[in-house]
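Here's query_8.csv, which has CSV, C-alpha atoms and all ligand atoms:
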chain,number,residue,atom,x,y,z
A,1,MET,CA,0.0,0.0,0.0
A,2,VAL,CA,1.3,3.5,-0.9
A,3,LYS,CA,2.1,5.5,2.2
A,4,THR,CA,0.7,9.0,2.1
A,5,ILE,CA,2.6,12.0,3.4
A,6,SER,CA,1.1,15.4,3.6
A,7,ARG,CA,3.2,18.4,2.4
A,8,ASN,CA,3.2,19.8,5.9
A,9,ASP,CA,4.3,16.6,7.6
A,10,PRO,CA,7.8,16.2,8.9
A,11,CYS,CA,10.1,15.0,6.2
A,12,PHE,CA,11.0,11.2,6.2
A,13,CYS,CA,14.7,12.1,6.3
A,14,GLY,CA,14.5,13.2,10.0
A,15,SER,CA,15.8,16.7,9.3
A,16,GLY,CA,12.8,18.2,11.3
A,17,LYS,CA,11.8,20.3,8.3
A,18,LYS,CA,8.5,20.0,6.6
A,19,TYR,CA,8.3,17.5,3.7
A,20,LYS,CA,7.4,20.3,1.3
A,21,LYS,CA,10.5,22.2,2.3
A,22,CYS,CA,12.9,19.3,2.3
A,23,HIS,CA,12.7,16.2,0.0
A,24,SER,CA,9.4,16.9,-1.6
A,25,ASP,CA,10.6,15.6,-5.0
A,26,ILE,CA,11.0,12.1,-3.5
A,27,HIS,CA,8.1,9.6,-3.2
A,28,PRO,CA,7.8,8.5,0.4
A,29,GLU,CA,8.1,4.8,-0.6
A,30,SER,CA,10.7,5.1,-3.3
A,31,ARG,CA,14.1,3.5,-3.6
A,32,ALA,CA,15.6,7.0,-2.9
A,33,VAL,CA,14.0,7.1,0.5
A,34,ARG,CA,15.4,3.7,1.4
A,35,LEU,CA,18.8,5.0,0.3
A,36,ILE,CA,18.6,8.2,2.4
A,37,GLN,CA,17.5,6.1,5.4
A,38,THR,CA,20.5,3.9,5.0
A,39,TYR,CA,22.7,6.9,4.8
A,40,ARG,CA,21.2,8.3,8.0
A,41,LYS,CA,21.6,4.9,9.8
A,42,TYR,CA,25.3,5.0,8.9
A,43,GLU,CA,25.6,8.5,10.2
A,44,ARG,CA,23.8,7.7,13.5
A,45,LYS,CA,25.8,4.5,14.0
A,46,ILE,CA,29.1,6.2,13.5
A,47,GLU,CA,28.2,9.1,15.7
A,48,ASP,CA,26.8,7.0,18.5
A,49,TYR,CA,29.7,4.7,18.4
A,50,GLN,CA,32.2,7.5,18.6
A,51,LYS,CA,30.3,9.2,21.4
A,52,SER,CA,30.0,6.0,23.5
A,53,THR,CA,33.5,4.7,23.0
A,54,GLY,CA,35.5,7.8,22.4
A,55,ASN,CA,37.1,6.0,19.5
A,56,ILE,CA,37.8,8.3,16.6
A,57,PRO,CA,38.6,6.7,13.2
A,58,PRO,CA,42.3,7.0,12.3
A,59,CYS,CA,41.6,9.1,9.1
A,60,GLN,CA,44.1,12.0,8.7
A,61,LYS,CA,42.6,15.5,8.7
A,62,GLY,CA,42.1,16.7,5.2
A,63,CYS,CA,43.1,13.3,3.7
A,64,TYR,CA,41.4,12.6,0.4
A,65,ASN,CA,43.7,9.8,-0.8
A,66,CYS,CA,40.9,7.3,-1.0
A,67,CYS,CA,39.1,9.5,-3.5
A,68,TYR,CA,41.8,8.1,-5.9
A,69,ASP,CA,40.6,4.5,-5.1
A,70,ASP,CA,39.2,2.3,-7.8
A,71,PHE,CA,35.7,1.4,-6.7
A,72,SER,CA,32.2,1.0,-8.0
A,73,ILE,CA,28.8,2.4,-6.8
A,74,THR,CA,25.2,1.4,-7.6
A,75,GLU,CA,22.9,3.1,-10.0
A,76,ILE,CA,20.6,4.5,-7.3
A,77,GLU,CA,23.6,6.0,-5.5
A,78,PHE,CA,24.7,7.7,-8.8
A,79,GLU,CA,21.2,9.0,-9.5
A,80,PHE,CA,21.2,10.5,-6.0
A,81,ILE,CA,24.4,12.3,-6.9
A,82,MET,CA,22.7,13.4,-10.2
A,83,ARG,CA,19.9,14.8,-8.2
A,84,GLU,CA,22.3,17.2,-6.5
A,85,LEU,CA,24.0,18.0,-9.9
A,86,LYS,CA,20.6,19.3,-11.0
A,87,THR,CA,21.1,22.2,-8.7
A,88,TRP,CA,24.4,23.1,-10.3
A,89,SER,CA,25.1,25.4,-13.3
A,90,LYS,CA,25.1,23.9,-16.8
A,91,ASP,CA,28.8,24.7,-17.2
A,92,ARG,CA,29.8,23.1,-14.0
A,93,VAL,CA,28.0,19.9,-14.8
A,94,GLU,CA,29.5,19.9,-18.3
A,95,LYS,CA,33.0,20.2,-16.8
A,96,ILE,CA,32.4,17.2,-14.6
A,97,TYR,CA,31.3,15.1,-17.6
A,98,ASP,CA,34.4,16.2,-19.5
A,99,THR,CA,36.6,15.2,-16.6
A,100,ALA,CA,34.9,11.8,-16.3
A,101,LEU,CA,35.0,11.1,-20.0
A,102,ASP,CA,38.7,12.0,-20.1
A,103,GLN,CA,39.2,9.5,-17.2
A,104,CYS,CA,37.5,6.9,-19.3
A,105,GLU,CA,40.1,7.5,-22.0
A,106,THR,CA,42.9,7.2,-19.4
A,107,ILE,CA,41.5,3.8,-18.2
A,108,LYS,CA,41.2,2.7,-21.8
A,109,ASN,CA,44.9,3.4,-22.5
A,110,GLU,CA,46.4,2.5,-19.1
A,111,ARG,CA,44.3,-0.5,-18.2
A,112,PRO,CA,42.7,-2.0,-21.4
A,113,ASP,CA,41.7,-5.1,-19.4
A,114,THR,CA,39.7,-3.1,-16.9
A,115,TRP,CA,38.1,-1.2,-19.8
A,116,ARG,CA,37.1,-4.3,-21.7
A,117,ASN,CA,35.5,-5.7,-18.6
A,118,LEU,CA,33.5,-2.5,-18.0
A,119,GLU,CA,32.3,-2.6,-21.6
A,120,ILE,CA,30.9,-6.1,-21.4
A,121,TYR,CA,27.2,-6.0,-20.7
A,122,THR,CA,25.6,-9.3,-19.7
A,123,PRO,CA,22.5,-8.8,-17.6
A,124,ASN,CA,22.6,-10.5,-14.3
A,125,ASP,CA,26.0,-12.1,-14.8
A,126,GLY,CA,27.6,-12.3,-11.4
A,127,THR,CA,30.9,-13.4,-12.7
A,128,ILE,CA,31.5,-10.1,-14.5
A,129,ILE,CA,30.8,-8.3,-11.3
A,130,VAL,CA,33.2,-10.5,-9.4
A,131,GLU,CA,35.9,-9.9,-12.0
A,132,GLN,CA,35.3,-6.2,-11.7
A,133,MET,CA,35.6,-6.3,-7.9
A,134,LYS,CA,38.8,-8.3,-8.2
A,135,LYS,CA,40.3,-5.7,-10.5
A,136,HIS,CA,39.4,-3.0,-8.0
A,137,MET,CA,41.3,-4.9,-5.3
A,138,THR,CA,44.3,-5.4,-7.6
A,139,VAL,CA,44.5,-1.9,-8.8
A,140,GLY,CA,43.9,-0.1,-5.5
A,141,ARG,CA,44.3,3.5,-6.8
A,142,ASN,CA,43.7,5.2,-10.1
A,143,SER,CA,46.2,7.7,-11.5
A,144,PHE,CA,43.3,10.3,-11.2
A,145,PRO,CA,40.9,11.2,-8.4
A,146,CYS,CA,37.1,10.8,-8.5
A,147,PRO,CA,35.7,13.3,-11.0
A,148,LEU,CA,33.6,14.7,-8.1
A,149,LEU,CA,36.6,15.8,-6.0
A,150,ASP,CA,36.9,19.5,-6.2
A,151,PRO,CA,40.3,20.2,-7.7
A,152,GLU,CA,40.8,23.4,-5.9
A,153,THR,CA,39.4,22.8,-2.4
A,154,LYS,CA,40.3,19.0,-2.5
A,155,SER,CA,37.0,18.3,-0.9
A,156,CYS,CA,33.9,16.3,-2.1
A,157,SER,CA,31.7,18.4,-4.3
A,158,VAL,CA,28.7,16.3,-3.5
A,159,TYR,CA,29.3,15.7,0.1
A,160,ASP,CA,25.6,15.4,1.2
A,161,SER,CA,24.9,13.0,-1.7
A,162,ARG,CA,28.2,11.0,-1.6
A,163,PRO,CA,27.8,7.2,-1.9
A,164,LEU,CA,27.8,4.7,0.8
A,165,ILE,CA,31.4,3.7,0.5
A,166,CYS,CA,32.6,7.3,0.9
A,167,ARG,CA,30.5,7.6,4.1
A,168,SER,CA,31.9,4.4,5.6
A,169,PHE,CA,35.4,3.9,4.4
A,170,GLY,CA,37.8,4.5,7.2
A,171,SER,CA,35.1,5.0,9.8
A,172,THR,CA,33.3,1.6,9.9
A,173,HIS,CA,34.1,-2.0,9.3
A,174,HIS,CA,32.5,-5.2,8.0
A,175,ARG,CA,32.7,-8.7,9.6
A,176,ILE,CA,35.2,-9.8,7.1
A,177,ASN,CA,37.7,-7.1,8.2
A,178,GLN,CA,37.7,-8.7,11.7
A,179,SER,CA,39.1,-12.0,10.4
A,180,THR,CA,41.2,-11.1,7.4
A,181,ARG,CA,44.2,-8.9,8.0
A,182,VAL,CA,44.5,-6.4,5.1
A,183,GLU,CA,45.7,-2.9,4.6
A,184,ILE,CA,42.9,-0.4,4.2
A,185,CYS,CA,45.1,2.5,3.2
A,186,GLU,CA,48.5,3.9,3.9
A,187,TYR,CA,47.3,5.3,7.2
A,188,ILE,CA,45.3,2.2,8.2
A,189,PRO,CA,47.6,-0.7,7.8
A,190,ASP,CA,45.7,-3.4,9.7
A,191,SER,CA,42.0,-4.1,9.1
A,192,VAL,CA,41.7,-6.3,12.2
A,193,GLU,CA,43.0,-3.5,14.5
A,194,HIS,CA,40.8,-1.0,12.6
A,195,ALA,CA,37.8,-3.2,13.4
A,196,THR,CA,38.4,-2.6,17.1
A,197,MET,CA,38.0,1.2,16.8
A,198,THR,CA,35.1,1.5,14.4
A,199,PRO,CA,31.4,0.3,14.4
A,200,ASN,CA,30.4,-2.8,12.4
A,201,VAL,CA,27.9,-2.0,9.6
A,202,ASN,CA,27.1,-5.5,8.3
A,203,ASP,CA,23.3,-5.2,9.0
A,204,GLU,CA,23.0,-1.7,7.4
A,205,THR,CA,24.8,-2.9,4.3
A,206,ALA,CA,22.7,-6.0,4.0
A,207,GLU,CA,19.6,-3.9,4.0
A,208,THR,CA,20.6,-2.3,0.7
A,209,ILE,CA,20.1,-5.5,-1.1
A,210,GLU,CA,16.3,-5.1,-0.7
A,211,TYR,CA,16.2,-1.9,-2.9
A,212,VAL,CA,19.4,-1.8,-5.0
A,213,HIS,CA,18.3,-4.8,-7.2
A,214,LEU,CA,15.3,-5.2,-9.4
A,215,ARG,CA,12.6,-7.5,-8.2
A,216,LEU,CA,10.7,-9.6,-10.7
A,217,PRO,CA,7.0,-10.3,-10.4
A,218,ASP,CA,7.8,-13.9,-9.4
A,219,GLY,CA,9.8,-12.6,-6.4
A,220,SER,CA,13.3,-13.3,-7.9
A,221,THR,CA,15.8,-10.5,-8.3
A,222,ILE,CA,17.9,-9.1,-11.1
A,223,GLN,CA,21.3,-8.0,-9.8
A,224,GLN,CA,22.1,-4.4,-10.7
A,225,ARG,CA,25.7,-4.0,-11.7
A,226,PRO,CA,27.7,-1.3,-10.0
A,227,TYR,CA,30.2,0.8,-11.9
A,228,PRO,CA,33.0,3.3,-11.2
A,229,ILE,CA,31.8,6.9,-10.9
A,230,TYR,CA,33.7,8.0,-14.1
A,231,TYR,CA,32.0,5.2,-16.0
A,232,TRP,CA,28.5,6.1,-14.8
A,233,PHE,CA,29.0,9.5,-16.4
A,234,LYS,CA,29.8,7.7,-19.7
A,235,ILE,CA,26.7,5.5,-19.4
A,236,PHE,CA,24.5,8.6,-18.9
A,237,PHE,CA,26.2,10.5,-21.7
A,238,ASP,CA,25.9,7.5,-24.1
A,239,ARG,CA,22.2,7.2,-23.4
A,240,THR,CA,21.3,10.7,-24.3
A,241,GLY,CA,24.3,12.3,-25.9
A,242,LYS,CA,23.9,15.2,-23.4
A,243,LYS,CA,26.3,16.4,-20.7
A,244,GLU,CA,23.4,17.3,-18.4
A,245,ALA,CA,22.3,16.5,-14.9
A,246,GLN,CA,19.7,13.9,-15.7
A,247,TYR,CA,18.2,10.8,-14.3
A,248,ASN,CA,19.0,7.4,-15.8
A,249,HIS,CA,15.8,5.7,-16.9
A,250,TYR,CA,15.0,7.4,-20.1
A,251,ASP,CA,15.3,10.7,-18.3
A,252,SER,CA,12.5,9.8,-15.8
A,253,SER,CA,13.2,10.0,-12.1
A,254,VAL,CA,12.0,6.5,-11.6
A,255,ASN,CA,13.9,6.1,-8.4
A,256,PHE,CA,12.6,9.3,-6.8
A,257,ASN,CA,9.0,9.9,-7.7
A,258,GLN,CA,7.7,6.4,-7.8
A,259,SER,CA,7.3,3.8,-5.1
A,260,LEU,CA,9.8,0.9,-5.1
A,261,GLU,CA,7.1,-1.4,-6.6
A,262,GLN,CA,6.2,1.0,-9.4
A,263,ALA,CA,9.9,1.8,-10.1
A,264,ASN,CA,10.6,-1.9,-10.4
A,265,LEU,CA,7.8,-2.4,-12.9
A,266,TYR,CA,8.8,0.7,-14.9
A,267,THR,CA,12.4,-0.4,-15.0
A,268,LEU,CA,11.6,-4.0,-15.9
A,269,LYS,CA,9.5,-2.8,-18.8
A,270,GLY,CA,12.2,-0.4,-19.9
A,271,PHE,CA,14.6,-3.3,-20.1
A,272,ASN,CA,12.0,-5.4,-21.9
A,273,LEU,CA,12.1,-7.9,-19.0
A,274,ILE,CA,8.3,-8.1,-18.7
A,301,LIG,S1,40.5,5.9,4.8
A,301,LIG,FE1,42.7,6.3,4.6
A,301,LIG,S2,43.0,7.4,2.7
A,301,LIG,FE2,40.8,7.5,3.2
A,301,LIG,S3,40.5,9.5,4.3
A,301,LIG,FE3,40.9,7.8,5.8
A,301,LIG,S4,43.1,7.9,6.2
A,301,LIG,FE4,42.7,8.9,4.2
A,302,LIG,S1,32.1,11.0,-4.2
A,302,LIG,FE1,33.2,12.5,-3.0
A,302,LIG,S2,34.1,11.4,-1.2
A,302,LIG,FE2,33.5,9.9,-2.8
A,302,LIG,S3,35.3,9.5,-3.9
A,302,LIG,FE3,34.2,11.1,-5.0
A,302,LIG,S4,35.0,13.1,-4.2
A,302,LIG,FE4,35.7,11.4,-2.8
A,303,ZN,ZN,14.1,15.6,4.0

Represent the structure of the file as C-alpha cells.
Amino acid sequence: MVKTISRNDPCFCGSGKKYKKCHSDIHPESRAVRLIQTYRKYERKIEDYQKSTGNIPPCQKGCYNCCYDDFSITEIEFEFIMRELKTWSKDRVEKIYDTALDQCETIKNERPDTWRNLEIYTPNDGTIIVEQMKKHMTVGRNSFPCPLLDPETKSCSVYDSRPLICRSFGSTHHRINQSTRVEICEYIPDSVEHATMTPNVNDETAETIEYVHLRLPDGSTIQQRPYPIYYWFKIFFDRTGKKEAQYNHYDSSVNFNQSLEQANLYTLKGFNLI
C-alpha cells in the first residue's frame, strides 16, 4: 500500500523540516527514501559509536587519498548524486562530464583489461561483477581522483549526496575485516585492528540488497551492476548524448517519484524484461 505523506508533515529524512521544504521531490516509498534512510543509519551508528566509546577513526585530517581509489557504486547512488547536480550550473555539470570522459580514455589506455571488462554487458551475470571487484582490489588506486573531487578545495563536491562507500570507508568495518588482515590505506595498515576502533555495519549494508536490485514479479531479483563513478557518467552520456544532470531511466526520475514497486515495474518494462 502506498504511504501518504502530507506536504506539511515532517520529512522522512529526519531533518525536522516540513516535507514540502525538504525532500518533496522524493516519493515516500521510493528507492531513494530507502537509500537516504541507509545513509542516515550509517551517520547515526558512526556518531553513537564515537560518542559512547571515544574511539575516533584514524583518518588523517584533510586526507582525500581514497578519492583516488578504484571502486564502484550502484545506479541508485549515482542517481542521487545526479539529483544534486541538477542544482548546479550547466557549465559546472558539463565540466564534470568532461573530466569523467577523459578519465574513461585514461583507463582505456592505461588498463585495457579493466576497460574491456567494464564494456561487457551481460545482464545478471555475477561473474562479470566478481571480475570487476577483483580488478578494484588489484589496482587499488587510479592515476586520477574521483571526478567529483573539487580540484581546488580538494573536498567532495557532492558531500551530502556522496555514496555509501565514501561515508563508511575508514570510519566503519564489516565482519570480514575482523578475520582477514588487510591494509585499508597507507594510514590504516591493519583491518583487524581497525575493526576494534570502528562500528560494524554489516546489518545496514545487508539492507541495501532489498532496494538496490530489481525485483521480478515472481519474487526473484535481477542484480544491478555497480560501476565506477567516471564510468556512470559515460553511461549517462551514451544514453542521451547530453552532458546534463539527468536521471537514468529514459530521463525519468523513476527512483525518486515512484514507489519501489512502481519503479521496479517501470524499469523492468524499460529493459523489456516483462
Ligand atoms: S580511509 Fe585512509 S585514505 Fe581514506 S581518508 Fe581515511 S586515512 Fe585517508
Ligand atoms: S564522491 Fe566525494 S568522497 Fe566519494 S570519492 Fe568522489 S569526491 Fe571522494
Ligand atoms: Zn528531507

What does the list of residues within 6 Å of ligand ZN 303 (chain A) look like if you count only C-alpha atoms and all ligand atoms, written as a PDB file with C-alpha atoms, in the coordinates of the input?
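The resulting selection-v3.pdb:
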ATOM      1  CA  CYS A  11      10.100  15.000   6.200  1.00  0.00           C
ATOM      2  CA  PHE A  12      11.000  11.200   6.200  1.00  0.00           C
ATOM      3  CA  CYS A  13      14.700  12.100   6.300  1.00  0.00           C
ATOM      4  CA  SER A  15      15.800  16.700   9.300  1.00  0.00           C
ATOM      5  CA  CYS A  22      12.900  19.300   2.300  1.00  0.00           C
ATOM      6  CA  HIS A  23      12.700  16.200   0.000  1.00  0.00           C
TER       7      HIS A  23
END

Neighbours of ligand LIG 301 (chain A) within 7 Å, counting only C-alpha atoms and all ligand atoms, as a PDB file with C-alpha atoms, in the coordinates of the input?
ATOM      1  CA  PRO A  58      42.300   7.000  12.300  1.00  0.00           C
ATOM      2  CA  CYS A  59      41.600   9.100   9.100  1.00  0.00           C
ATOM      3  CA  GLN A  60      44.100  12.000   8.700  1.00  0.00           C
ATOM      4  CA  CYS A  63      43.100  13.300   3.700  1.00  0.00           C
ATOM      5  CA  TYR A  64      41.400  12.600   0.400  1.00  0.00           C
ATOM      6  CA  ASN A  65      43.700   9.800  -0.800  1.00  0.00           C
ATOM      7  CA  CYS A  66      40.900   7.300  -1.000  1.00  0.00           C
ATOM      8  CA  PHE A 169      35.400   3.900   4.400  1.00  0.00           C
ATOM      9  CA  GLY A 170      37.800   4.500   7.200  1.00  0.00           C
ATOM     10  CA  ILE A 184      42.900  -0.400   4.200  1.00  0.00           C
ATOM     11  CA  CYS A 185      45.100   2.500   3.200  1.00  0.00           C
ATOM     12  CA  GLU A 186      48.500   3.900   3.900  1.00  0.00           C
ATOM     13  CA  TYR A 187      47.300   5.300   7.200  1.00  0.00           C
ATOM     14  CA  ILE A 188      45.300   2.200   8.200  1.00  0.00           C
TER      15      ILE A 188
END

Between A:Leu149, A:Ile107, A:Val33, A:Ile46, which one has atoms that come closest to ligand LIG 302 (chain A), using all atoms listed in the file? A:Leu149

Please tell me which residues are no farther than 8 Å from (18.9, 7.0, -0.8) in the file, counting only C-alpha atoms, and write them as a ChimeraX atom specification. /A:31-39,76-77,80

Dump the neighbourhood of ligand LIG 302 (chain A) as an MDAnalysis selection string: all residues within 6 Å, distances computed on only C-alpha atoms and all ligand atoms. chainID A and resid 67 146 148:149 156 158:159 162 166

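The smallest atom-to-atom distance between Glu244 of chain A and any of A:Phe71, A:Tyr19, A:Phe78, A:Tyr97, using only C-alpha atoms, is found for A:Tyr97.
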
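Pairwise distance (atom CA of Ala263 of chain A, atom CA of Lys86 of chain A) equals 20.5 Å.
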
What's the 10 Å shell around segment 197-212 of chain A, counting only C-alpha atoms, without same-chain residues fewer than 6 positions away, as a PyMOL selection string? chain A and resi 30-35+37-39+41-42+45-50+53-58+74-77+164+168+170-178+221-226+255+260-261+264

One decimal place gives the atom CA of Gln262 of chain A-atom CA of Arg83 of chain A separation as 19.5 Å

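Of note, atom CA of Gln258 of chain A and atom CA of Arg92 of chain A are spaced 28.4 Å apart.
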
Quick one: residues within 8 Å of Gln103 of chain A, all atoms listed in the file, excluding same-chain residues fewer than 4 positions away - as an mmCIF file with C-alpha atoms, keeping the file's coordinate frame?
data_model
loop_
_atom_site.group_PDB
_atom_site.id
_atom_site.type_symbol
_atom_site.label_atom_id
_atom_site.label_comp_id
_atom_site.auth_asym_id
_atom_site.auth_seq_id
_atom_site.Cartn_x
_atom_site.Cartn_y
_atom_site.Cartn_z
ATOM 1 C CA THR A 99 36.600 15.200 -16.600
ATOM 2 C CA ILE A 107 41.500 3.800 -18.200
ATOM 3 C CA PHE A 144 43.300 10.300 -11.200
ATOM 4 C CA TYR A 230 33.700 8.000 -14.100
#

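Using all atoms listed in the file, the smallest distance between any of A:Ile73, A:Ile235, A:Ala245, A:Ile274 and Glu94 of chain A comes from A:Ala245.
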
Which polymer residues have any atom within 12 Å of an atom of Leu265 of chain A, counting only C-alpha atoms, with same-chain residues fewer than 5 positions away left out, as JSON, numbers by chain? {"A": [214, 215, 216, 217, 254, 255, 258, 259, 260, 270, 271, 272, 273, 274]}

Could you please take those selected residues and save C-alpha atoms as a JSON list (two decimals), in the coordinates of the input?
[["chain", "number", "residue", "atom", "x", "y", "z"],
["A", 214, "LEU", "CA", 15.30, -5.20, -9.40],
["A", 215, "ARG", "CA", 12.60, -7.50, -8.20],
["A", 216, "LEU", "CA", 10.70, -9.60, -10.70],
["A", 217, "PRO", "CA", 7.00, -10.30, -10.40],
["A", 254, "VAL", "CA", 12.00, 6.50, -11.60],
["A", 255, "ASN", "CA", 13.90, 6.10, -8.40],
["A", 258, "GLN", "CA", 7.70, 6.40, -7.80],
["A", 259, "SER", "CA", 7.30, 3.80, -5.10],
["A", 260, "LEU", "CA", 9.80, 0.90, -5.10],
["A", 270, "GLY", "CA", 12.20, -0.40, -19.90],
["A", 271, "PHE", "CA", 14.60, -3.30, -20.10],
["A", 272, "ASN", "CA", 12.00, -5.40, -21.90],
["A", 273, "LEU", "CA", 12.10, -7.90, -19.00],
["A", 274, "ILE", "CA", 8.30, -8.10, -18.70]]

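Comparing A:Trp232, A:Arg167, A:Pro147, A:Lys154 by their smallest distance to Asp102 of chain A, the closest is A:Pro147 (using all atoms listed in the file).
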
Starting from the incomplete input, reconstruct N, CA, C and O atoms of segment 214-225 of chain A and report them as a tab-separated table (two decimals), in the frame of the given file.
chain	number	residue	atom	x	y	z
A	214	LEU	N	16.65	-5.15	-8.83
A	214	LEU	CA	15.30	-5.20	-9.40
A	214	LEU	C	14.58	-6.44	-8.95
A	214	LEU	O	15.19	-7.51	-8.98
A	215	ARG	N	13.32	-6.29	-8.60
A	215	ARG	CA	12.60	-7.50	-8.20
A	215	ARG	C	11.58	-7.86	-9.28
A	215	ARG	O	10.78	-7.04	-9.72
A	216	LEU	N	11.65	-9.10	-9.72
A	216	LEU	CA	10.70	-9.60	-10.70
A	216	LEU	C	9.39	-9.95	-10.12
A	216	LEU	O	9.33	-10.22	-8.92
A	217	PRO	N	8.32	-9.95	-10.93
A	217	PRO	CA	7.00	-10.30	-10.40
A	217	PRO	C	6.97	-11.63	-9.65
A	217	PRO	O	6.20	-11.82	-8.73
A	218	ASP	N	7.84	-12.56	-10.05
A	218	ASP	CA	7.80	-13.90	-9.40
A	218	ASP	C	8.63	-13.87	-8.07
A	218	ASP	O	8.82	-14.90	-7.43
A	219	GLY	N	9.13	-12.70	-7.68
A	219	GLY	CA	9.80	-12.60	-6.40
A	219	GLY	C	11.36	-12.71	-6.55
A	219	GLY	O	12.10	-12.37	-5.63
A	220	SER	N	11.84	-13.20	-7.69
A	220	SER	CA	13.30	-13.30	-7.90
A	220	SER	C	13.88	-11.91	-8.17
A	220	SER	O	13.14	-10.97	-8.46
A	221	THR	N	15.19	-11.81	-8.10
A	221	THR	CA	15.80	-10.50	-8.30
A	221	THR	C	16.76	-10.47	-9.51
A	221	THR	O	17.34	-11.50	-9.87
A	222	ILE	N	16.90	-9.30	-10.06
A	222	ILE	CA	17.90	-9.10	-11.10
A	222	ILE	C	18.98	-8.21	-10.49
A	222	ILE	O	18.70	-7.10	-10.02
A	223	GLN	N	20.18	-8.73	-10.46
A	223	GLN	CA	21.30	-8.00	-9.80
A	223	GLN	C	21.63	-6.76	-10.64
A	223	GLN	O	21.77	-6.86	-11.86
A	224	GLN	N	21.74	-5.66	-9.98
A	224	GLN	CA	22.10	-4.40	-10.70
A	224	GLN	C	23.64	-4.28	-10.59
A	224	GLN	O	24.22	-4.37	-9.50
A	225	ARG	N	24.25	-4.03	-11.72
A	225	ARG	CA	25.70	-4.00	-11.70
A	225	ARG	C	26.21	-2.61	-11.28
A	225	ARG	O	25.78	-1.58	-11.81
